[in-house]
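Structure file entry_1.pdb; described as PDB, C-alpha atoms, pLDDT in the B column.
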ATOM      1  CA  MET A 138      37.644  10.569 -96.249  1.00 92.00           C
ATOM      2  CA  ASN A 139      40.218   9.033 -93.898  1.00 96.00           C
ATOM      3  CA  ILE A 140      41.976  11.314 -91.425  1.00 96.00           C
ATOM      4  CA  ILE A 141      44.786  10.712 -88.937  1.00 97.00           C
ATOM      5  CA  LEU A 142      45.272  12.975 -85.919  1.00 97.00           C
ATOM      6  CA  ILE A 143      48.785  13.119 -84.490  1.00 97.00           C
ATOM      7  CA  GLY A 144      49.781  15.103 -81.428  1.00 95.00           C
ATOM      8  CA  ILE A 145      51.369  14.944 -78.042  1.00 93.00           C
ATOM      9  CA  GLN A 146      49.054  14.052 -75.163  1.00 89.00           C
ATOM     10  CA  GLY A 147      47.163  17.162 -74.168  1.00 90.00           C
ATOM     11  CA  SER A 148      47.107  18.564 -77.718  1.00 94.00           C
ATOM     12  CA  GLY A 149      43.361  18.019 -78.040  1.00 92.00           C
ATOM     13  CA  LYS A 150      43.174  15.064 -80.448  1.00 94.00           C
ATOM     14  CA  GLY A 151      40.076  13.648 -78.786  1.00 89.00           C
ATOM     15  CA  THR A 152      38.262  16.981 -78.882  1.00 91.00           C
ATOM     16  CA  GLN A 153      39.082  17.588 -82.537  1.00 95.00           C
ATOM     17  CA  ALA A 154      38.115  14.049 -83.503  1.00 95.00           C
ATOM     18  CA  LYS A 155      34.750  14.511 -81.816  1.00 93.00           C
ATOM     19  CA  LEU A 156      34.133  17.813 -83.618  1.00 95.00           C
ATOM     20  CA  LEU A 157      35.031  16.326 -87.011  1.00 96.00           C
ATOM     21  CA  CYS A 158      32.827  13.289 -86.454  1.00 95.00           C
ATOM     22  CA  GLU A 159      29.906  15.460 -85.391  1.00 95.00           C
ATOM     23  CA  ARG A 160      30.338  17.646 -88.475  1.00 95.00           C
ATOM     24  CA  TYR A 161      30.850  14.964 -91.112  1.00 95.00           C
ATOM     25  CA  GLY A 162      29.419  11.784 -89.611  1.00 94.00           C
ATOM     26  CA  TRP A 163      32.805  10.050 -89.583  1.00 95.00           C
ATOM     27  CA  ILE A 164      33.818   7.369 -87.082  1.00 95.00           C
ATOM     28  CA  HIS A 165      36.329   8.146 -84.328  1.00 95.00           C
ATOM     29  CA  ILE A 166      38.738   5.265 -83.812  1.00 95.00           C
ATOM     30  CA  THR A 167      41.260   5.203 -80.962  1.00 93.00           C
ATOM     31  CA  THR A 168      43.501   2.322 -79.981  1.00 90.00           C
ATOM     32  CA  GLY A 169      42.782   2.967 -76.305  1.00 87.00           C
ATOM     33  CA  GLU A 170      39.029   2.648 -76.794  1.00 90.00           C
ATOM     34  CA  LEU A 171      39.446  -0.457 -78.962  1.00 93.00           C
ATOM     35  CA  PHE A 172      41.615  -2.060 -76.273  1.00 92.00           C
ATOM     36  CA  ARG A 173      39.056  -1.266 -73.559  1.00 89.00           C
ATOM     37  CA  GLU A 174      36.249  -2.685 -75.696  1.00 92.00           C
ATOM     38  CA  HIS A 175      38.082  -5.963 -76.285  1.00 94.00           C
ATOM     39  CA  ILE A 176      39.009  -6.236 -72.601  1.00 94.00           C
ATOM     40  CA  LYS A 177      35.439  -5.515 -71.506  1.00 92.00           C
ATOM     41  CA  ASN A 178      34.067  -8.134 -73.904  1.00 94.00           C
ATOM     42  CA  ASN A 179      36.735 -10.622 -72.785  1.00 94.00           C
ATOM     43  CA  THR A 180      37.743 -11.480 -76.358  1.00 94.00           C
ATOM     44  CA  GLU A 181      40.847 -13.545 -77.035  1.00 94.00           C
ATOM     45  CA  LEU A 182      42.656 -10.401 -78.171  1.00 94.00           C
ATOM     46  CA  GLY A 183      41.323  -8.583 -75.117  1.00 94.00           C
ATOM     47  CA  LYS A 184      42.849 -11.183 -72.801  1.00 95.00           C
ATOM     48  CA  ILE A 185      46.218 -10.771 -74.508  1.00 95.00           C
ATOM     49  CA  VAL A 186      46.033  -6.964 -74.447  1.00 93.00           C
ATOM     50  CA  ARG A 187      45.140  -6.979 -70.753  1.00 93.00           C
ATOM     51  CA  THR A 188      48.307  -8.872 -69.816  1.00 93.00           C
ATOM     52  CA  PHE A 189      50.524  -6.219 -71.412  1.00 91.00           C
ATOM     53  CA  ILE A 190      48.559  -3.257 -70.048  1.00 87.00           C
ATOM     54  CA  GLU A 191      48.562  -4.670 -66.509  1.00 87.00           C
ATOM     55  CA  ARG A 192      52.358  -4.950 -66.691  1.00 87.00           C
ATOM     56  CA  GLY A 193      52.579  -1.366 -67.899  1.00 78.00           C
ATOM     57  CA  GLU A 194      53.979  -2.466 -71.259  1.00 85.00           C
ATOM     58  CA  LEU A 195      53.088  -1.425 -74.801  1.00 83.00           C
ATOM     59  CA  VAL A 196      50.893  -3.871 -76.686  1.00 91.00           C
ATOM     60  CA  PRO A 197      53.033  -5.506 -79.432  1.00 93.00           C
ATOM     61  CA  ASP A 198      52.280  -4.344 -82.969  1.00 93.00           C
ATOM     62  CA  LYS A 199      51.057  -7.740 -84.196  1.00 93.00           C
ATOM     63  CA  TYR A 200      48.096  -7.578 -81.797  1.00 94.00           C
ATOM     64  CA  VAL A 201      47.478  -3.881 -82.403  1.00 94.00           C
ATOM     65  CA  PHE A 202      47.318  -4.549 -86.155  1.00 94.00           C
ATOM     66  CA  LYS A 203      44.595  -7.186 -85.758  1.00 93.00           C
ATOM     67  CA  ILE A 204      42.443  -4.952 -83.564  1.00 93.00           C
ATOM     68  CA  VAL A 205      42.888  -1.777 -85.612  1.00 94.00           C
ATOM     69  CA  GLU A 206      42.475  -3.356 -89.060  1.00 93.00           C
ATOM     70  CA  LYS A 207      39.057  -4.813 -88.203  1.00 91.00           C
ATOM     71  CA  ALA A 208      37.793  -1.449 -86.894  1.00 93.00           C
ATOM     72  CA  LEU A 209      39.082   0.479 -89.906  1.00 93.00           C
ATOM     73  CA  ARG A 210      37.507  -1.896 -92.413  1.00 92.00           C
ATOM     74  CA  GLU A 211      34.157  -1.582 -90.638  1.00 91.00           C
ATOM     75  CA  ALA A 212      34.434   2.227 -90.857  1.00 90.00           C
ATOM     76  CA  GLU A 213      34.354   2.050 -94.672  1.00 81.00           C
ATOM     77  CA  ARG A 214      36.495   5.036 -95.660  1.00 79.00           C
ATOM     78  CA  LYS A 215      35.159   7.558 -93.180  1.00 91.00           C
ATOM     79  CA  PHE A 216      37.333   7.392 -90.096  1.00 96.00           C
ATOM     80  CA  VAL A 217      39.270   9.738 -87.858  1.00 97.00           C
ATOM     81  CA  LEU A 218      42.165   7.736 -86.441  1.00 96.00           C
ATOM     82  CA  ASP A 219      43.627   8.835 -83.106  1.00 92.00           C
ATOM     83  CA  GLY A 220      46.529   7.107 -81.313  1.00 84.00           C
ATOM     84  CA  PHE A 221      47.667   5.094 -84.325  1.00 92.00           C
ATOM     85  CA  PRO A 222      50.151   4.888 -85.965  1.00 95.00           C
ATOM     86  CA  ARG A 223      52.720   5.491 -83.230  1.00 90.00           C
ATOM     87  CA  ASN A 224      55.824   4.225 -85.023  1.00 92.00           C
ATOM     88  CA  LEU A 225      57.156   3.598 -88.531  1.00 93.00           C
ATOM     89  CA  SER A 226      56.179  -0.078 -88.532  1.00 93.00           C
ATOM     90  CA  GLN A 227      52.557   0.805 -87.768  1.00 94.00           C
ATOM     91  CA  THR A 228      52.649   3.560 -90.389  1.00 96.00           C
ATOM     92  CA  GLU A 229      53.844   1.205 -93.121  1.00 95.00           C
ATOM     93  CA  PHE A 230      51.183  -1.344 -92.151  1.00 94.00           C
ATOM     94  CA  LEU A 231      48.474   1.324 -92.320  1.00 95.00           C
ATOM     95  CA  VAL A 232      49.337   2.857 -95.690  1.00 95.00           C
ATOM     96  CA  GLU A 233      49.704  -0.581 -97.304  1.00 95.00           C
ATOM     97  CA  LYS A 234      46.116  -1.460 -96.450  1.00 93.00           C
ATOM     98  CA  PHE A 235      44.219   1.851 -96.339  1.00 94.00           C
ATOM     99  CA  THR A 236      44.047   5.142 -98.214  1.00 94.00           C
ATOM    100  CA  ILE A 237      44.924   8.099 -95.998  1.00 96.00           C
ATOM    101  CA  ASP A 238      43.707  11.483 -97.214  1.00 96.00           C
ATOM    102  CA  HIS A 239      45.097  13.869 -94.593  1.00 97.00           C
ATOM    103  CA  VAL A 240      47.309  13.713 -91.507  1.00 98.00           C
ATOM    104  CA  ILE A 241      46.679  16.501 -89.005  1.00 98.00           C
ATOM    105  CA  LEU A 242      49.568  17.312 -86.664  1.00 98.00           C
ATOM    106  CA  LEU A 243      48.301  19.191 -83.596  1.00 97.00           C
ATOM    107  CA  ASP A 244      51.506  20.957 -82.644  1.00 97.00           C
ATOM    108  CA  LEU A 245      51.917  21.780 -78.936  1.00 96.00           C
ATOM    109  CA  LYS A 246      55.051  22.589 -76.927  1.00 96.00           C
ATOM    110  CA  ASP A 247      56.055  20.135 -74.217  1.00 96.00           C
ATOM    111  CA  ASP A 248      55.620  22.585 -71.337  1.00 95.00           C
ATOM    112  CA  LEU A 249      52.063  23.422 -72.414  1.00 94.00           C
ATOM    113  CA  ALA A 250      51.233  19.728 -72.753  1.00 94.00           C
ATOM    114  CA  MET A 251      52.533  19.138 -69.231  1.00 94.00           C
ATOM    115  CA  LYS A 252      50.436  22.005 -67.876  1.00 94.00           C
ATOM    116  CA  ARG A 253      47.273  20.747 -69.562  1.00 92.00           C
ATOM    117  CA  LEU A 254      47.744  17.147 -68.455  1.00 92.00           C
ATOM    118  CA  LEU A 255      48.367  18.118 -64.838  1.00 93.00           C
ATOM    119  CA  ALA A 256      45.044  20.001 -64.950  1.00 93.00           C
ATOM    120  CA  ARG A 257      43.024  17.012 -66.185  1.00 92.00           C
ATOM    121  CA  ARG A 258      40.322  15.526 -63.987  1.00 94.00           C
ATOM    122  CA  ILE A 259      37.961  12.585 -64.462  1.00 92.00           C
ATOM    123  CA  CYS A 260      34.684  11.699 -62.763  1.00 93.00           C
ATOM    124  CA  ASN A 261      35.219   8.663 -60.538  1.00 93.00           C
ATOM    125  CA  ASN A 262      31.648   7.578 -61.262  1.00 92.00           C
ATOM    126  CA  CYS A 263      30.800   8.110 -64.960  1.00 92.00           C
ATOM    127  CA  GLY A 264      34.271   8.764 -66.407  1.00 85.00           C
ATOM    128  CA  ARG A 265      33.499  12.184 -67.926  1.00 89.00           C
ATOM    129  CA  ASP A 266      36.626  14.264 -68.617  1.00 88.00           C
ATOM    130  CA  TYR A 267      37.297  17.790 -67.330  1.00 92.00           C
ATOM    131  CA  ASN A 268      40.191  20.217 -67.233  1.00 91.00           C
ATOM    132  CA  VAL A 269      40.531  22.878 -64.565  1.00 91.00           C
ATOM    133  CA  LEU A 270      42.170  25.228 -67.075  1.00 89.00           C
ATOM    134  CA  PHE A 271      39.576  25.332 -69.859  1.00 84.00           C
ATOM    135  CA  LYS A 272      36.870  22.703 -69.297  1.00 87.00           C
ATOM    136  CA  LYS A 273      35.832  23.346 -65.718  1.00 92.00           C
ATOM    137  CA  PRO A 274      32.822  21.745 -63.992  1.00 95.00           C
ATOM    138  CA  GLU A 275      30.001  24.043 -62.895  1.00 95.00           C
ATOM    139  CA  ILE A 276      30.730  23.120 -59.272  1.00 94.00           C
ATOM    140  CA  ALA A 277      34.393  22.662 -58.367  1.00 93.00           C
ATOM    141  CA  GLY A 278      35.278  19.033 -57.805  1.00 94.00           C
ATOM    142  CA  LYS A 279      31.902  17.662 -58.939  1.00 95.00           C
ATOM    143  CA  CYS A 280      30.757  16.139 -62.214  1.00 96.00           C
ATOM    144  CA  ASP A 281      28.116  18.169 -64.065  1.00 96.00           C
ATOM    145  CA  VAL A 282      26.372  14.995 -65.262  1.00 94.00           C
ATOM    146  CA  CYS A 283      26.198  12.665 -62.261  1.00 95.00           C
ATOM    147  CA  GLY A 284      27.596  14.642 -59.339  1.00 95.00           C
ATOM    148  CA  GLY A 285      30.488  12.236 -58.936  1.00 95.00           C
ATOM    149  CA  ARG A 286      33.822  13.285 -57.447  1.00 95.00           C
ATOM    150  CA  LEU A 287      36.474  14.561 -59.862  1.00 96.00           C
ATOM    151  CA  VAL A 288      39.893  13.001 -59.422  1.00 96.00           C
ATOM    152  CA  LYS A 289      43.262  13.005 -61.180  1.00 91.00           C
ATOM    153  CA  ARG A 290      44.222  10.013 -63.259  1.00 85.00           C
ATOM    154  CA  LYS A 291      46.877   7.863 -61.609  1.00 82.00           C
ATOM    155  CA  ASP A 292      49.346   8.481 -64.412  1.00 81.00           C
ATOM    156  CA  ASP A 293      48.783  12.252 -64.563  1.00 87.00           C
ATOM    157  CA  ASN A 294      51.831  13.148 -62.499  1.00 89.00           C
ATOM    158  CA  GLU A 295      54.963  14.963 -63.661  1.00 92.00           C
ATOM    159  CA  THR A 296      57.195  11.880 -63.803  1.00 91.00           C
ATOM    160  CA  ALA A 297      54.731   9.763 -65.792  1.00 88.00           C
ATOM    161  CA  ILE A 298      53.774  12.623 -68.109  1.00 90.00           C
ATOM    162  CA  LYS A 299      57.412  13.404 -68.860  1.00 92.00           C
ATOM    163  CA  LYS A 300      57.997   9.770 -69.834  1.00 89.00           C
ATOM    164  CA  ARG A 301      54.960   9.799 -72.130  1.00 88.00           C
ATOM    165  CA  ILE A 302      56.140  12.999 -73.798  1.00 92.00           C
ATOM    166  CA  GLU A 303      59.629  11.555 -74.324  1.00 92.00           C
ATOM    167  CA  ARG A 304      58.127   8.366 -75.763  1.00 89.00           C
ATOM    168  CA  PHE A 305      55.960  10.384 -78.140  1.00 91.00           C
ATOM    169  CA  HIS A 306      58.942  12.249 -79.583  1.00 92.00           C
ATOM    170  CA  LEU A 307      61.097   9.120 -79.761  1.00 91.00           C
ATOM    171  CA  GLU A 308      58.492   7.055 -81.599  1.00 89.00           C
ATOM    172  CA  THR A 309      56.410   9.538 -83.541  1.00 93.00           C
ATOM    173  CA  ASN A 310      58.953  11.866 -85.173  1.00 93.00           C
ATOM    174  CA  SER A 311      59.579   9.226 -87.845  1.00 94.00           C
ATOM    175  CA  VAL A 312      55.814   8.987 -88.474  1.00 96.00           C
ATOM    176  CA  ILE A 313      55.557  12.751 -88.895  1.00 96.00           C
ATOM    177  CA  ASP A 314      58.511  12.787 -91.295  1.00 96.00           C
ATOM    178  CA  PHE A 315      56.975   9.923 -93.285  1.00 97.00           C
ATOM    179  CA  PHE A 316      53.694  11.738 -93.885  1.00 97.00           C
ATOM    180  CA  ARG A 317      55.437  15.062 -94.513  1.00 97.00           C
ATOM    181  CA  LYS A 318      57.427  13.463 -97.348  1.00 97.00           C
ATOM    182  CA  LYS A 319      54.190  12.002 -98.728  1.00 96.00           C
ATOM    183  CA  GLY A 320      52.698  15.512 -98.815  1.00 96.00           C
ATOM    184  CA  LEU A 321      49.847  14.522 -96.499  1.00 97.00           C
ATOM    185  CA  LEU A 322      50.851  16.398 -93.338  1.00 98.00           C
ATOM    186  CA  ILE A 323      48.903  19.461 -92.176  1.00 98.00           C
ATOM    187  CA  LYS A 324      50.414  21.240 -89.182  1.00 97.00           C
ATOM    188  CA  ILE A 325      48.046  23.132 -86.866  1.00 98.00           C
ATOM    189  CA  ASN A 326      48.962  25.217 -83.822  1.00 98.00           C
ATOM    190  CA  ALA A 327      47.252  23.417 -80.920  1.00 97.00           C
ATOM    191  CA  ASP A 328      47.677  26.368 -78.537  1.00 95.00           C
ATOM    192  CA  GLN A 329      44.339  27.889 -79.589  1.00 93.00           C
ATOM    193  CA  THR A 330      40.701  27.418 -78.674  1.00 91.00           C
ATOM    194  CA  PRO A 331      39.196  24.103 -79.826  1.00 91.00           C
ATOM    195  CA  GLN A 332      36.813  25.917 -82.187  1.00 94.00           C
ATOM    196  CA  LYS A 333      39.617  27.882 -83.871  1.00 97.00           C
ATOM    197  CA  ILE A 334      41.595  24.683 -84.342  1.00 97.00           C
ATOM    198  CA  HIS A 335      38.544  22.937 -85.759  1.00 97.00           C
ATOM    199  CA  SER A 336      37.888  25.767 -88.228  1.00 98.00           C
ATOM    200  CA  GLN A 337      41.487  25.646 -89.450  1.00 98.00           C
ATOM    201  CA  ILE A 338      41.322  21.883 -89.923  1.00 98.00           C
ATOM    202  CA  VAL A 339      38.093  22.163 -91.903  1.00 97.00           C
ATOM    203  CA  ASP A 340      39.610  24.866 -94.145  1.00 97.00           C
ATOM    204  CA  LYS A 341      42.655  22.675 -94.843  1.00 96.00           C
ATOM    205  CA  ILE A 342      40.818  19.447 -95.691  1.00 95.00           C
ATOM    206  CA  ARG A 343      38.133  20.911 -97.980  1.00 87.00           C
TER     207      ARG A 343
END
Please express the file's structure as structure tokens.
Amino acid sequence: MNIILIGIQGSGKGTQAKLLCERYGWIHITTGELFREHIKNNTELGKIVRTFIERGELVPDKYVFKIVEKALREAERKFVLDGFPRNLSQTEFLVEKFTIDHVILLDLKDDLAMKRLLARRICNNCGRDYNVLFKKPEIAGKCDVCGGRLVKRKDDNETAIKKRIERFHLETNSVIDFFRKKGLLIKINADQTPQKIHSQIVDKIR
């Protein structure tokens, strides 16, 4: 089964993808992780991606397509896709090449997304994620795993978050409409506990 997760940043896509993959043995694919992997391995695509990311620009679709298509084919019809597609061009590319069974929209209001993102923290040593609202460390300011210091991401400030939210709505509304018309869209209220959201997703995709 192939699943797409769509949602504003802070809606819990990563958490839900992890829960689904643990339950069904699917593969979690995110464009961000694929980019980091290519950059780390210094591939030709990684070198190209790095130039755009360092300038704070979006990676052009033609490079995204190459990276994503390879990962999806290797997943062999058991992936949870997170962070792609972001626009109509990417959507059309995806459905031409792959069968999509369900598209889960994690619906969260902008003000709640802002609140969640401002509360995010990351370990400056091992990279583990926390949130001071609902995923707190055992000791304030310290990573449970390695004891590293918890810090805010550089782009987790109100101005940057607002721009990301605006970009999401501008680009992704057409994607949501596309899958709604195809009858593939499942809308879930993301203002619930992760386990409740997971249970509702499982009920819908059975």
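Near region 283-300 of chain A, within 10 Å and counting all atoms listed in the file, sit Gln146, Asp247, Asp248, Ala250, Met251, Lys252, Arg253, Leu254, Leu255, Ala256, Arg257, Arg258, Ile259, Cys260, Asn261, Asn262, Cys263, Gly264, Arg265, Asp266, Tyr267, Asn268, Pro274, Ile276, Ala277, Gly278 and Phe305 of chain A; same-chain residues fewer than 5 positions away were not included.
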Selection as a PyMOL selection string: residues within 6 Å of (40.5, 14.3, -87.3), counting all atoms listed in the file: chain A and resi 140-142+153-154+157+217
Protein, DNA and RNA residues within 12 Å of (42.0, -4.0, -86.9), all atoms listed in the file, as JSON, numbers by chain: {"A": [166, 167, 168, 171, 172, 175, 182, 198, 199, 200, 201, 202, 203, 204, 205, 206, 207, 208, 209, 210, 211, 212, 218, 221, 227, 230, 231, 234, 235]}
Answer key for the PyMOL selection byres ((chain A and resi 322) around 10), residues as JSON, numbers by chain: {"A": [141, 142, 143, 238, 239, 240, 241, 242, 313, 314, 315, 316, 317, 318, 319, 320, 321, 323, 324, 325]}
Restricting the output to C-alpha atoms, write the selected residues as a PDB file, in the coordinates of the input.
ATOM      1  CA  ILE A 141      44.786  10.712 -88.937  1.00 97.00           C
ATOM      2  CA  LEU A 142      45.272  12.975 -85.919  1.00 97.00           C
ATOM      3  CA  ILE A 143      48.785  13.119 -84.490  1.00 97.00           C
ATOM      4  CA  ASP A 238      43.707  11.483 -97.214  1.00 96.00           C
ATOM      5  CA  HIS A 239      45.097  13.869 -94.593  1.00 97.00           C
ATOM      6  CA  VAL A 240      47.309  13.713 -91.507  1.00 98.00           C
ATOM      7  CA  ILE A 241      46.679  16.501 -89.005  1.00 98.00           C
ATOM      8  CA  LEU A 242      49.568  17.312 -86.664  1.00 98.00           C
ATOM      9  CA  ILE A 313      55.557  12.751 -88.895  1.00 96.00           C
ATOM     10  CA  ASP A 314      58.511  12.787 -91.295  1.00 96.00           C
ATOM     11  CA  PHE A 315      56.975   9.923 -93.285  1.00 97.00           C
ATOM     12  CA  PHE A 316      53.694  11.738 -93.885  1.00 97.00           C
ATOM     13  CA  ARG A 317      55.437  15.062 -94.513  1.00 97.00           C
ATOM     14  CA  LYS A 318      57.427  13.463 -97.348  1.00 97.00           C
ATOM     15  CA  LYS A 319      54.190  12.002 -98.728  1.00 96.00           C
ATOM     16  CA  GLY A 320      52.698  15.512 -98.815  1.00 96.00           C
ATOM     17  CA  LEU A 321      49.847  14.522 -96.499  1.00 97.00           C
ATOM     18  CA  ILE A 323      48.903  19.461 -92.176  1.00 98.00           C
ATOM     19  CA  LYS A 324      50.414  21.240 -89.182  1.00 97.00           C
ATOM     20  CA  ILE A 325      48.046  23.132 -86.866  1.00 98.00           C
TER      21      ILE A 325
END
Spatial neighbours of Asp244 (chain A), 8 Å, only C-alpha atoms, chain gap at least 5 places, as an NGL selection string: :A and (144-145 or 148 or 324-328)
Coordinates-based distance that separates CA of Lys273 (chain A) from CA of Leu249 (chain A) (Å, one decimal): 17.6 Å
Near-His335 (chain A) list (8 Å; all atoms listed in the file; drop same-chain fewer than 2 positions) as JSON, numbers by chain: {"A": [153, 156, 157, 331, 332, 333, 337, 338, 339]}
Only C-alpha atoms, please: the residues just picked out, written as an mmCIF file, keeping the file's coordinate frame.
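Written file, again-v4.cif:
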data_model
loop_
_atom_site.group_PDB
_atom_site.id
_atom_site.type_symbol
_atom_site.label_atom_id
_atom_site.label_comp_id
_atom_site.auth_asym_id
_atom_site.auth_seq_id
_atom_site.Cartn_x
_atom_site.Cartn_y
_atom_site.Cartn_z
ATOM 1 C CA GLN A 153 39.082 17.588 -82.537
ATOM 2 C CA LEU A 156 34.133 17.813 -83.618
ATOM 3 C CA LEU A 157 35.031 16.326 -87.011
ATOM 4 C CA PRO A 331 39.196 24.103 -79.826
ATOM 5 C CA GLN A 332 36.813 25.917 -82.187
ATOM 6 C CA LYS A 333 39.617 27.882 -83.871
ATOM 7 C CA GLN A 337 41.487 25.646 -89.450
ATOM 8 C CA ILE A 338 41.322 21.883 -89.923
ATOM 9 C CA VAL A 339 38.093 22.163 -91.903
#
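For the set A:Arg160, A:His306, A:Lys150, A:Lys272, the residue with the smallest atom-to-atom gap to Ser336 (chain A) is A:Arg160, counting all atoms listed in the file.
For the pair CA of Asn224 (chain A) and CA of Leu307 (chain A), the interatomic distance is 8.9 Å.
The closest residue to Glu229 (chain A), picked from A:Val312, A:Gln329, A:Ile302, A:Asn179 and counting all atoms listed in the file, is A:Val312.
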Among listed residues A:Lys177, A:Lys184, A:His165, A:Lys279, nearest Val196 (chain A) (using only C-alpha atoms): A:Lys184
Given the PyMOL selection byres ((chain A and resi 139) around 6), the residues it picks as an mmCIF file with C-alpha atoms, in the coordinates of the input:
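And here is the file that came out, result-v5.cif:
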data_model
loop_
_atom_site.group_PDB
_atom_site.id
_atom_site.type_symbol
_atom_site.label_atom_id
_atom_site.label_comp_id
_atom_site.auth_asym_id
_atom_site.auth_seq_id
_atom_site.Cartn_x
_atom_site.Cartn_y
_atom_site.Cartn_z
ATOM 1 C CA MET A 138 37.644 10.569 -96.249
ATOM 2 C CA ILE A 140 41.976 11.314 -91.425
ATOM 3 C CA ARG A 214 36.495 5.036 -95.660
ATOM 4 C CA LYS A 215 35.159 7.558 -93.180
ATOM 5 C CA PHE A 216 37.333 7.392 -90.096
ATOM 6 C CA ILE A 237 44.924 8.099 -95.998
ATOM 7 C CA ASP A 238 43.707 11.483 -97.214
#
For CA of Arg223 (chain A) and CA of Glu159 (chain A), the interatomic separation in Å (one decimal): 25.0 Å
Listed atoms of region 186-190 of chain A boxed axis-aligned with 6 Å per side, centre + edges as lines of an AutoDock Vina configuration file:
center_x = 47.8
center_y = -6.1
center_z = -72.1
size_x = 17.4
size_y = 17.6
size_z = 16.6
